[in-house]
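A.B. asks: Would you mind keeping the following structure in view while I ask a few things?
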Protein chains: 2
Amino acid sequence: MQPRILVVEDEPAIQELIALNLEQAGQLPVLADSAEQALERIQEELPDLVLLDWMLPGQSGLELARRLRGDARTKRLPIIMLTARGDEEDKLRGLETGADDYITKPFSVKELQARIKAVLRRRAPEITDDAVEYHGLRLDPAAHRVTGKGKELAMGPTEFRLLHFFMTHTERVYSRTQLLDQVWGDHVFIEERTVDVHIRRLRAALSPSGHEAFIHTIRGSGYRFSRA
Amino acid sequence: MQPRILVVEDEPAIQELIALNLEQAGQLPVLADSAEQALERIQEELPDLVLLDWMLPGQSGLELARRLRGDARTKRLPIIMLTARGDEEDKLRGLETGADDYITKPFSVKELQARIKAVLRRRAPEITDDAVEYHGLRLDPAAHRVTGKGKELAMGPTEFRLLHFFMTHTERVYSRTQLLDQVWGDHVFIEERTVDVHIRRLRAALSPSGHEAFIHTIRGSGYRFSRA
DNA sequence: GGCGGACGTGACGGAATCGTTGCAGCCATG
DNA sequence: CATGGCTGCAACGATTCCGTCACGTCCGCC
């Protein structure tokens with residue numbers, strides 16, 4: 001899966017440079033040029049990593065990092081900070097606050113990629129292809145197989161990806177828009193109601209083992225995958 | 001949610017300047033040009049922050065701040081004071097009285113915004129999506145779930161938002177108008193008595209765990225959410 | 001104790017949301 | 001080219017929810 005990387009940077013030139021490099025490396029850049037906008041994007045796009053410039057207009061990067069660490073939903077969101085060269089004080093405070101790594105400007109493309117890969121590898125339980133299990137339901141991405149209560153459950157590719165996302169993101173509500181972004185991919189033009197149809201197909205596919213009950217409709221908000 | 005910011009300033013020119021800047025930053029300015037008017041506006045509008053000029057006709061800003069700190073309902077209302085340049089004495093007394101921050105005139109728009117954001121972030125437990133707990137009742141916005149005494153409590157979207165507001169604003173009376181503004185959103189045209197109906201529905205939804213008793217009717221004033 | 005206003009409660013029409021179905025288009029496969 | 005599986009869409013029906021009203025009840029005040 002293509003990792004989403006939020007780039008928080010107020011200088012357009014650097015922002016574009018980084019975005020280009022990320023795209024070439026098969027990653028999906030999400031852009032923000034202020035801390036406020038960053039918070040919005042995080043809510044909307046659910047990035048896997050944040051590249052955070054330390055010097056921002058208004059709210060500083062330090063404060064944003066602190067806030068992300070304070071929120072339960074973003075507590076484990078990896079942060080790589082971009083600091084001016086030799087700004088040792090920022091570096092220290094940054095690591096204290098909870099940044100996972102730092103890069104001093106100017107930096108090379110290779111170095112950036114190396115650190116991104118390292119951080120993503122360190123904490124990315126959800127992007128892996130490991131088999132997932134949840135209360136008697138088992139999904140194996142490598143074998144493309146789903147089993148529940150010993151029975152093999154057949155479904156289409158889209159239902160499979162949808163279930164995979166749900167099983168790695170349980171106990172939380174996702175809107176139709178978020179599901180489209182996460183399961184179908186960004187920038188697709190698909191009717192939101194189509195999600196409903198695939199939810200129905202997934203429910204039908206899970207019914208032989210009774211696990212269809214794990215898919216909860218949250219009226220007005222979206223869907224949640226959880227036991228009971 | 002759009003934060004409301006009360007601007008207490010007697011000079012029309014400065015007042016307008018600040019109001020304009022706040023609007024551009026996505027905030028909702030509420031205006032008052034005297035301490036007396038400020039008290040009224042606070043009661044009506046429930047601002048999230050007060051920008052307070054230190055030099056006011058009649059009752060001074062200092063006295064207003066002291067009064068706000070003395071009242072239980074406004075004890076935790078953030079205050080940023082505006083002082084003349086170099087007026088160190090005012091600065092000290094202001095911080096002693098309980099102002100959260102200060103800005104010396106003349107100030108830049110950026111600085112103003114930075115301090116506003118900082119103060120709002122410091123005390124804004126209500127804007128987050130973190131789970132809330134109150135005497136055995138638990139509400140999780142991310143999972144969109146309410147549990148009391150181990151039982152899951154089902155309710156409609158409006159009841160959920162209403163309960164969320166109550167659980168983040170306990171121990172205080174809110175009028176029907178205030179509840180409409182805060183839970184339904186500003187500028188809605190809804191009968192005040194409709195609040196009663198949703199209060200009833202929320203009580204019914206909470207009854208399985210007995211937490212309906214937390215909703216108190218304050219005859220002639222509104223409702224309060226609190227234990228006993 | 002009576003009176004007036006405020007509140008609780010049940011019901012109802014309309015609107016919004018969601019489940020379900022059938023279908024047409026697409027692609028791969030043989 | 002025929003077939004079959006899969007996808008996205010539109011449409012319909014069912015359900016839930018919302019805001020309002022009417023009526024009954026309760027409370028405080030004189």
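Letters A, B, ... go to the chains of the structure tokens in the order shown; residues in each chain start at 1; ligands are counted from 1 in the same order.
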So which residues touch range 24-26 of chain B within 9 Å, counting only C-alpha atoms (C1' of nucleotides), skipping near sequence neighbours fewer than 3 positions away, as a list in words?

C.D. replies: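 Final neighbour list, sorted by chain and number: Gln2, Pro3, Ala19, Leu20, Asn21 and Gln113 of chain B.
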
A.B. asks: Keeping only N, CA and C atoms, write the selected residues as an mmCIF file, in the first residue's frame.

C.D. replies:
```cif
data_model
loop_
_atom_site.group_PDB
_atom_site.id
_atom_site.type_symbol
_atom_site.label_atom_id
_atom_site.label_comp_id
_atom_site.auth_asym_id
_atom_site.auth_seq_id
_atom_site.Cartn_x
_atom_site.Cartn_y
_atom_site.Cartn_z
ATOM 1 N N GLN B 2 -15.877 26.780 15.108
ATOM 2 C CA GLN B 2 -15.429 28.163 15.083
ATOM 3 C C GLN B 2 -15.401 28.750 16.491
ATOM 4 N N PRO B 3 -14.215 29.123 16.957
ATOM 5 C CA PRO B 3 -14.162 29.673 18.313
ATOM 6 C C PRO B 3 -14.704 31.098 18.358
ATOM 7 N N ALA B 19 -11.531 42.795 14.821
ATOM 8 C CA ALA B 19 -12.656 41.989 14.357
ATOM 9 C C ALA B 19 -12.414 41.458 12.949
ATOM 10 N N LEU B 20 -11.897 42.320 12.110
ATOM 11 C CA LEU B 20 -11.627 41.924 10.732
ATOM 12 C C LEU B 20 -10.607 40.803 10.669
ATOM 13 N N ASN B 21 -9.573 40.952 11.458
ATOM 14 C CA ASN B 21 -8.521 39.942 11.462
ATOM 15 C C ASN B 21 -9.018 38.599 11.979
ATOM 16 N N GLN B 113 -2.620 36.435 16.361
ATOM 17 C CA GLN B 113 -3.116 35.107 16.029
ATOM 18 C C GLN B 113 -2.345 34.010 16.754
#
```

A.B. asks: What are the closest atom pairs, with distances in Å to one decimal, for all residues of chain B lying within 12 Å of chain D? Consider only C-alpha atoms (C1' of nucleotides), order rows by chain and residue number, and present the result as CSV.

C.D. replies:
```
residue,atom,partner,partner_atom,distance
B:Met155,CA,D:DC17,C1',10.3
B:Gly156,CA,D:DC17,C1',7.1
B:Pro157,CA,D:DC17,C1',8.5
B:Thr158,CA,D:DC18,C1',8.9
B:Glu159,CA,D:DC17,C1',10.6
B:Trp184,CA,D:DC18,C1',11.9
B:Phe189,CA,D:DG19,C1',10.5
B:Ile190,CA,D:DG19,C1',7.6
B:Glu191,CA,D:DG19,C1',8.0
B:Glu192,CA,D:DG19,C1',10.4
B:Arg193,CA,D:DT20,C1',9.0
B:Thr194,CA,D:DG19,C1',6.6
B:Val195,CA,D:DG19,C1',9.8
B:Asp196,CA,D:DG19,C1',11.3
B:Val197,CA,D:DG19,C1',9.2
B:His198,CA,D:DC18,C1',9.6
B:Arg201,CA,D:DC17,C1',11.4
B:Thr217,CA,D:DC27,C1',11.8
B:Ile218,CA,D:DC27,C1',11.3
B:Arg219,CA,D:DC27,C1',8.5
B:Gly220,CA,D:DG28,C1',10.6
```

A.B. asks: Over all C-alpha pairs taken in order, what is the RMSD once chain B has been least-squares superposed onto chain A?

C.D. replies: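 Per the least-squares fit, the RMSD is 1.6 Å.
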
A.B. asks: Quick one: everything within 9 Å of Leu64 in chain A, counting only C-alpha atoms (C1' of nucleotides), minus sequence neighbours fewer than 2 positions away in the same chain. Send it as a list in words.

C.D. replies: Ala35, Glu36, Ala38, Leu39, Leu52, Gln59, Ser60, Gly61, Leu62, Arg66, Arg67, Leu68 and Arg69 of chain A

A.B. asks: Write out the residues from the selection above, keeping N, CA and C atoms, as a PDB file, in the first residue's frame.

C.D. replies:
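What follows is the written file selection-v4.pdb:
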```pdb
ATOM      1  N   ALA A  35       0.164  24.989  10.560  1.00  0.00           N
ATOM      2  CA  ALA A  35      -0.171  23.978  11.558  1.00  0.00           C
ATOM      3  C   ALA A  35      -1.670  23.712  11.559  1.00  0.00           C
ATOM      4  N   GLU A  36      -2.448  24.783  11.366  1.00  0.00           N
ATOM      5  CA  GLU A  36      -3.898  24.633  11.381  1.00  0.00           C
ATOM      6  C   GLU A  36      -4.351  23.734  10.235  1.00  0.00           C
ATOM      7  N   ALA A  38      -2.604  21.631   8.728  1.00  0.00           N
ATOM      8  CA  ALA A  38      -2.086  20.288   8.968  1.00  0.00           C
ATOM      9  C   ALA A  38      -3.077  19.456   9.774  1.00  0.00           C
ATOM     10  N   LEU A  39      -3.641  20.079  10.790  1.00  0.00           N
ATOM     11  CA  LEU A  39      -4.607  19.364  11.621  1.00  0.00           C
ATOM     12  C   LEU A  39      -5.811  18.915  10.803  1.00  0.00           C
ATOM     13  N   LEU A  52       7.585  17.537   9.209  1.00  0.00           N
ATOM     14  CA  LEU A  52       7.175  18.771   9.857  1.00  0.00           C
ATOM     15  C   LEU A  52       8.305  19.788   9.918  1.00  0.00           C
ATOM     16  N   GLN A  59       1.377  29.195  14.707  1.00  0.00           N
ATOM     17  CA  GLN A  59       1.694  28.087  15.585  1.00  0.00           C
ATOM     18  C   GLN A  59       2.950  27.370  15.094  1.00  0.00           C
ATOM     19  N   SER A  60       3.869  27.159  15.962  1.00  0.00           N
ATOM     20  CA  SER A  60       5.131  26.564  15.527  1.00  0.00           C
ATOM     21  C   SER A  60       5.014  25.059  15.391  1.00  0.00           C
ATOM     22  N   GLY A  61       5.992  24.477  14.711  1.00  0.00           N
ATOM     23  CA  GLY A  61       6.001  23.040  14.537  1.00  0.00           C
ATOM     24  C   GLY A  61       6.081  22.315  15.865  1.00  0.00           C
ATOM     25  N   LEU A  62       6.807  22.898  16.769  1.00  0.00           N
ATOM     26  CA  LEU A  62       6.942  22.297  18.093  1.00  0.00           C
ATOM     27  C   LEU A  62       5.579  22.129  18.757  1.00  0.00           C
ATOM     28  N   ARG A  66       3.533  18.688  19.770  1.00  0.00           N
ATOM     29  CA  ARG A  66       3.068  18.456  21.131  1.00  0.00           C
ATOM     30  C   ARG A  66       1.576  18.109  21.128  1.00  0.00           C
ATOM     31  N   ARG A  67       0.863  18.838  20.296  1.00  0.00           N
ATOM     32  CA  ARG A  67      -0.575  18.606  20.226  1.00  0.00           C
ATOM     33  C   ARG A  67      -0.903  17.228  19.647  1.00  0.00           C
ATOM     34  N   LEU A  68      -0.155  16.847  18.631  1.00  0.00           N
ATOM     35  CA  LEU A  68      -0.392  15.535  18.028  1.00  0.00           C
ATOM     36  C   LEU A  68      -0.123  14.426  19.037  1.00  0.00           C
ATOM     37  N   ARG A  69       0.895  14.621  19.856  1.00  0.00           N
ATOM     38  CA  ARG A  69       1.222  13.607  20.858  1.00  0.00           C
ATOM     39  C   ARG A  69       0.178  13.561  21.959  1.00  0.00           C
TER      40      ARG A  69
END
```

A.B. asks: Could the residues of chain B that have an atom at most 6 Å from chain A be listed as CSV, each with its closest atom pair and the distance in Å to one decimal, counting only C-alpha atoms and ordered by chain and ascending residue number?

C.D. replies:
```
residue,atom,partner,partner_atom,distance
B:Ala114,CA,A:Gly58,CA,4.7
B:Ala142,CA,A:Arg172,CA,5.4
B:Ala143,CA,A:Arg172,CA,4.0
```

A.B. asks: Could you give me, as number ranges by chain, each residue of range 142-190 of chain B that DSSP assigns to alpha helix (DSSP H) when run on this structure's backbone?

C.D. replies: B: 157-168, 176-179

A.B. asks: For chain C against chain B, with a cut-off of 10 Å and counting only C-alpha atoms (C1' of nucleotides), what is the closest atom pair and its distance in Å to one decimal for every residue that makes the cut, ordered by chain and number, as JSON lines?

C.D. replies:
```
{"residue": "C:DG5", "atom": "C1'", "partner": "B:Gly220", "partner_atom": "CA", "distance": 9.7}
{"residue": "C:DA6", "atom": "C1'", "partner": "B:Gly220", "partner_atom": "CA", "distance": 6.9}
{"residue": "C:DC7", "atom": "C1'", "partner": "B:Arg219", "partner_atom": "CA", "distance": 7.9}
{"residue": "C:DG8", "atom": "C1'", "partner": "B:Arg200", "partner_atom": "CA", "distance": 7.7}
{"residue": "C:DT9", "atom": "C1'", "partner": "B:Arg200", "partner_atom": "CA", "distance": 8.4}
```

A.B. asks: Give me the residues within 7 Å of Asp10 in chain A as a ChimeraX atom specification, counting only C-alpha atoms (C1' of nucleotides) and dropping any in the same chain fewer than 4 places off.

C.D. replies: /A:33-34,56

A.B. asks: Output the selection as a CSV table (one decimal), in the first residue's frame - all heavy atoms for each residue.

C.D. replies:
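part16.csv, written as the output of this step:
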```
chain,number,residue,atom,x,y,z
A,33,ASP,N,0.5,24.1,4.6
A,33,ASP,CA,1.5,25.1,4.8
A,33,ASP,C,1.3,25.8,6.1
A,33,ASP,O,1.9,26.9,6.3
A,33,ASP,CB,1.5,26.1,3.6
A,33,ASP,CG,0.1,26.5,3.2
A,33,ASP,OD1,-0.8,26.5,4.0
A,33,ASP,OD2,-0.1,26.8,2.0
A,34,SER,N,0.5,25.3,7.0
A,34,SER,CA,0.4,25.8,8.3
A,34,SER,C,0.0,24.7,9.3
A,34,SER,O,-0.5,23.7,8.9
A,34,SER,CB,-0.6,27.0,8.4
A,34,SER,OG,-1.9,26.4,8.3
A,56,LEU,N,7.3,27.6,11.4
A,56,LEU,CA,6.1,27.8,10.7
A,56,LEU,C,5.5,29.2,11.1
A,56,LEU,O,5.8,29.6,12.2
A,56,LEU,CB,5.1,26.7,11.0
A,56,LEU,CG,5.3,25.4,10.4
A,56,LEU,CD1,4.3,24.4,10.9
A,56,LEU,CD2,5.2,25.5,8.9
```

A.B. asks: With only C-alpha atoms (C1' of nucleotides) as the counted atoms, please give the residues lying no more than 10 Å from Glu16 in chain A, apart from itself and same-chain residues fewer than 4 positions off, as a compact mmCIF listing (two decimals) with all heavy atoms, in the first residue's frame.

C.D. replies:
```txt
# COMPACT_ATOMS: atom_id res chain seq x y z
N VAL A 7 3.17 16.71 4.38
CA VAL A 7 4.29 17.63 4.37
C VAL A 7 3.81 18.98 4.90
O VAL A 7 2.99 19.65 4.28
CB VAL A 7 4.86 17.81 2.95
CG1 VAL A 7 6.07 18.74 2.98
CG2 VAL A 7 5.25 16.47 2.37
N GLU A 9 4.91 22.51 5.54
CA GLU A 9 6.03 23.38 5.13
C GLU A 9 5.45 24.64 4.52
O GLU A 9 4.58 24.56 3.66
CB GLU A 9 6.90 22.61 4.13
CG GLU A 9 7.91 23.46 3.37
CD GLU A 9 8.97 24.00 4.29
OE1 GLU A 9 9.68 23.19 4.92
OE2 GLU A 9 9.08 25.25 4.41
N GLU A 11 7.21 27.17 3.01
CA GLU A 11 7.88 27.67 1.80
C GLU A 11 7.48 26.82 0.60
O GLU A 11 7.79 25.63 0.52
CB GLU A 11 9.40 27.61 1.98
CG GLU A 11 9.99 28.88 2.54
CD GLU A 11 11.51 28.84 2.46
OE1 GLU A 11 12.03 28.82 1.33
OE2 GLU A 11 12.14 28.80 3.52
N PRO A 12 6.82 27.44 -0.37
CA PRO A 12 6.31 26.69 -1.53
C PRO A 12 7.40 25.94 -2.29
O PRO A 12 7.17 24.81 -2.74
CB PRO A 12 5.71 27.79 -2.41
CG PRO A 12 5.40 28.90 -1.47
CD PRO A 12 6.47 28.86 -0.42
N LEU A 20 7.59 16.30 -4.94
CA LEU A 20 8.07 15.64 -6.15
C LEU A 20 8.87 14.40 -5.81
O LEU A 20 8.70 13.33 -6.42
CB LEU A 20 8.93 16.63 -6.96
CG LEU A 20 8.61 16.70 -8.45
CD1 LEU A 20 7.20 17.25 -8.63
CD2 LEU A 20 9.62 17.58 -9.17
N ASN A 21 9.74 14.55 -4.84
CA ASN A 21 10.58 13.42 -4.45
C ASN A 21 9.76 12.27 -3.88
O ASN A 21 10.03 11.11 -4.13
CB ASN A 21 11.61 13.87 -3.41
CG ASN A 21 12.73 14.65 -4.07
OD1 ASN A 21 13.13 14.32 -5.19
ND2 ASN A 21 13.21 15.67 -3.38
N LEU A 22 8.77 12.61 -3.10
CA LEU A 22 7.93 11.58 -2.51
C LEU A 22 7.18 10.81 -3.58
O LEU A 22 7.11 9.58 -3.56
CB LEU A 22 6.92 12.22 -1.53
CG LEU A 22 7.52 12.84 -0.27
CD1 LEU A 22 6.42 13.35 0.64
CD2 LEU A 22 8.37 11.83 0.47
N PRO A 29 2.20 12.32 -1.38
CA PRO A 29 2.34 13.53 -0.57
C PRO A 29 1.01 14.22 -0.33
O PRO A 29 0.18 14.33 -1.24
CB PRO A 29 3.24 14.42 -1.42
CG PRO A 29 3.02 13.96 -2.82
CD PRO A 29 2.68 12.51 -2.74
N LEU A 31 -0.26 17.92 1.30
CA LEU A 31 0.41 19.17 1.61
C LEU A 31 -0.36 20.04 2.59
O LEU A 31 -1.59 20.07 2.60
CB LEU A 31 0.66 19.96 0.31
CG LEU A 31 1.46 19.19 -0.75
CD1 LEU A 31 1.63 20.03 -2.00
CD2 LEU A 31 2.80 18.75 -0.19
```

A.B. asks: Step one, run DSSP on the backbone; step two, keep only residues of range 13-220 of chain B assigned to strand (DSSP E or B); then write them as a ChimeraX atom specification.

C.D. replies: /B:28-32,49-53,79-84,101-105,132-134,137-140,145-148,151-152,173-174,215-218

A.B. asks: So the first atom is CA of Glu133 in chain B and the second is CA of Ser175 in chain A; what is the distance between them in Å, to one decimal place?

C.D. replies: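 These two atoms are separated by 24.3 Å.
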
A.B. asks: I'd like the neighbourhood of Tyr134 in chain B as a ChimeraX atom specification, where a residue qualifies if any of its atoms comes within 12 Å (using only C-alpha atoms (C1' of nucleotides)), though same-chain residues fewer than 6 positions away should be ignored.

C.D. replies: /B:140,146-149,163-164,166-171,211,214,225-227

A.B. asks: Rounded to one decimal place, report the CA of Lys117 in chain A-CA of Leu82 in chain A distance in Å.

C.D. replies: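 If I compute the distance from CA of Lys117 in chain A to CA of Leu82 in chain A, I get 15.8 Å.
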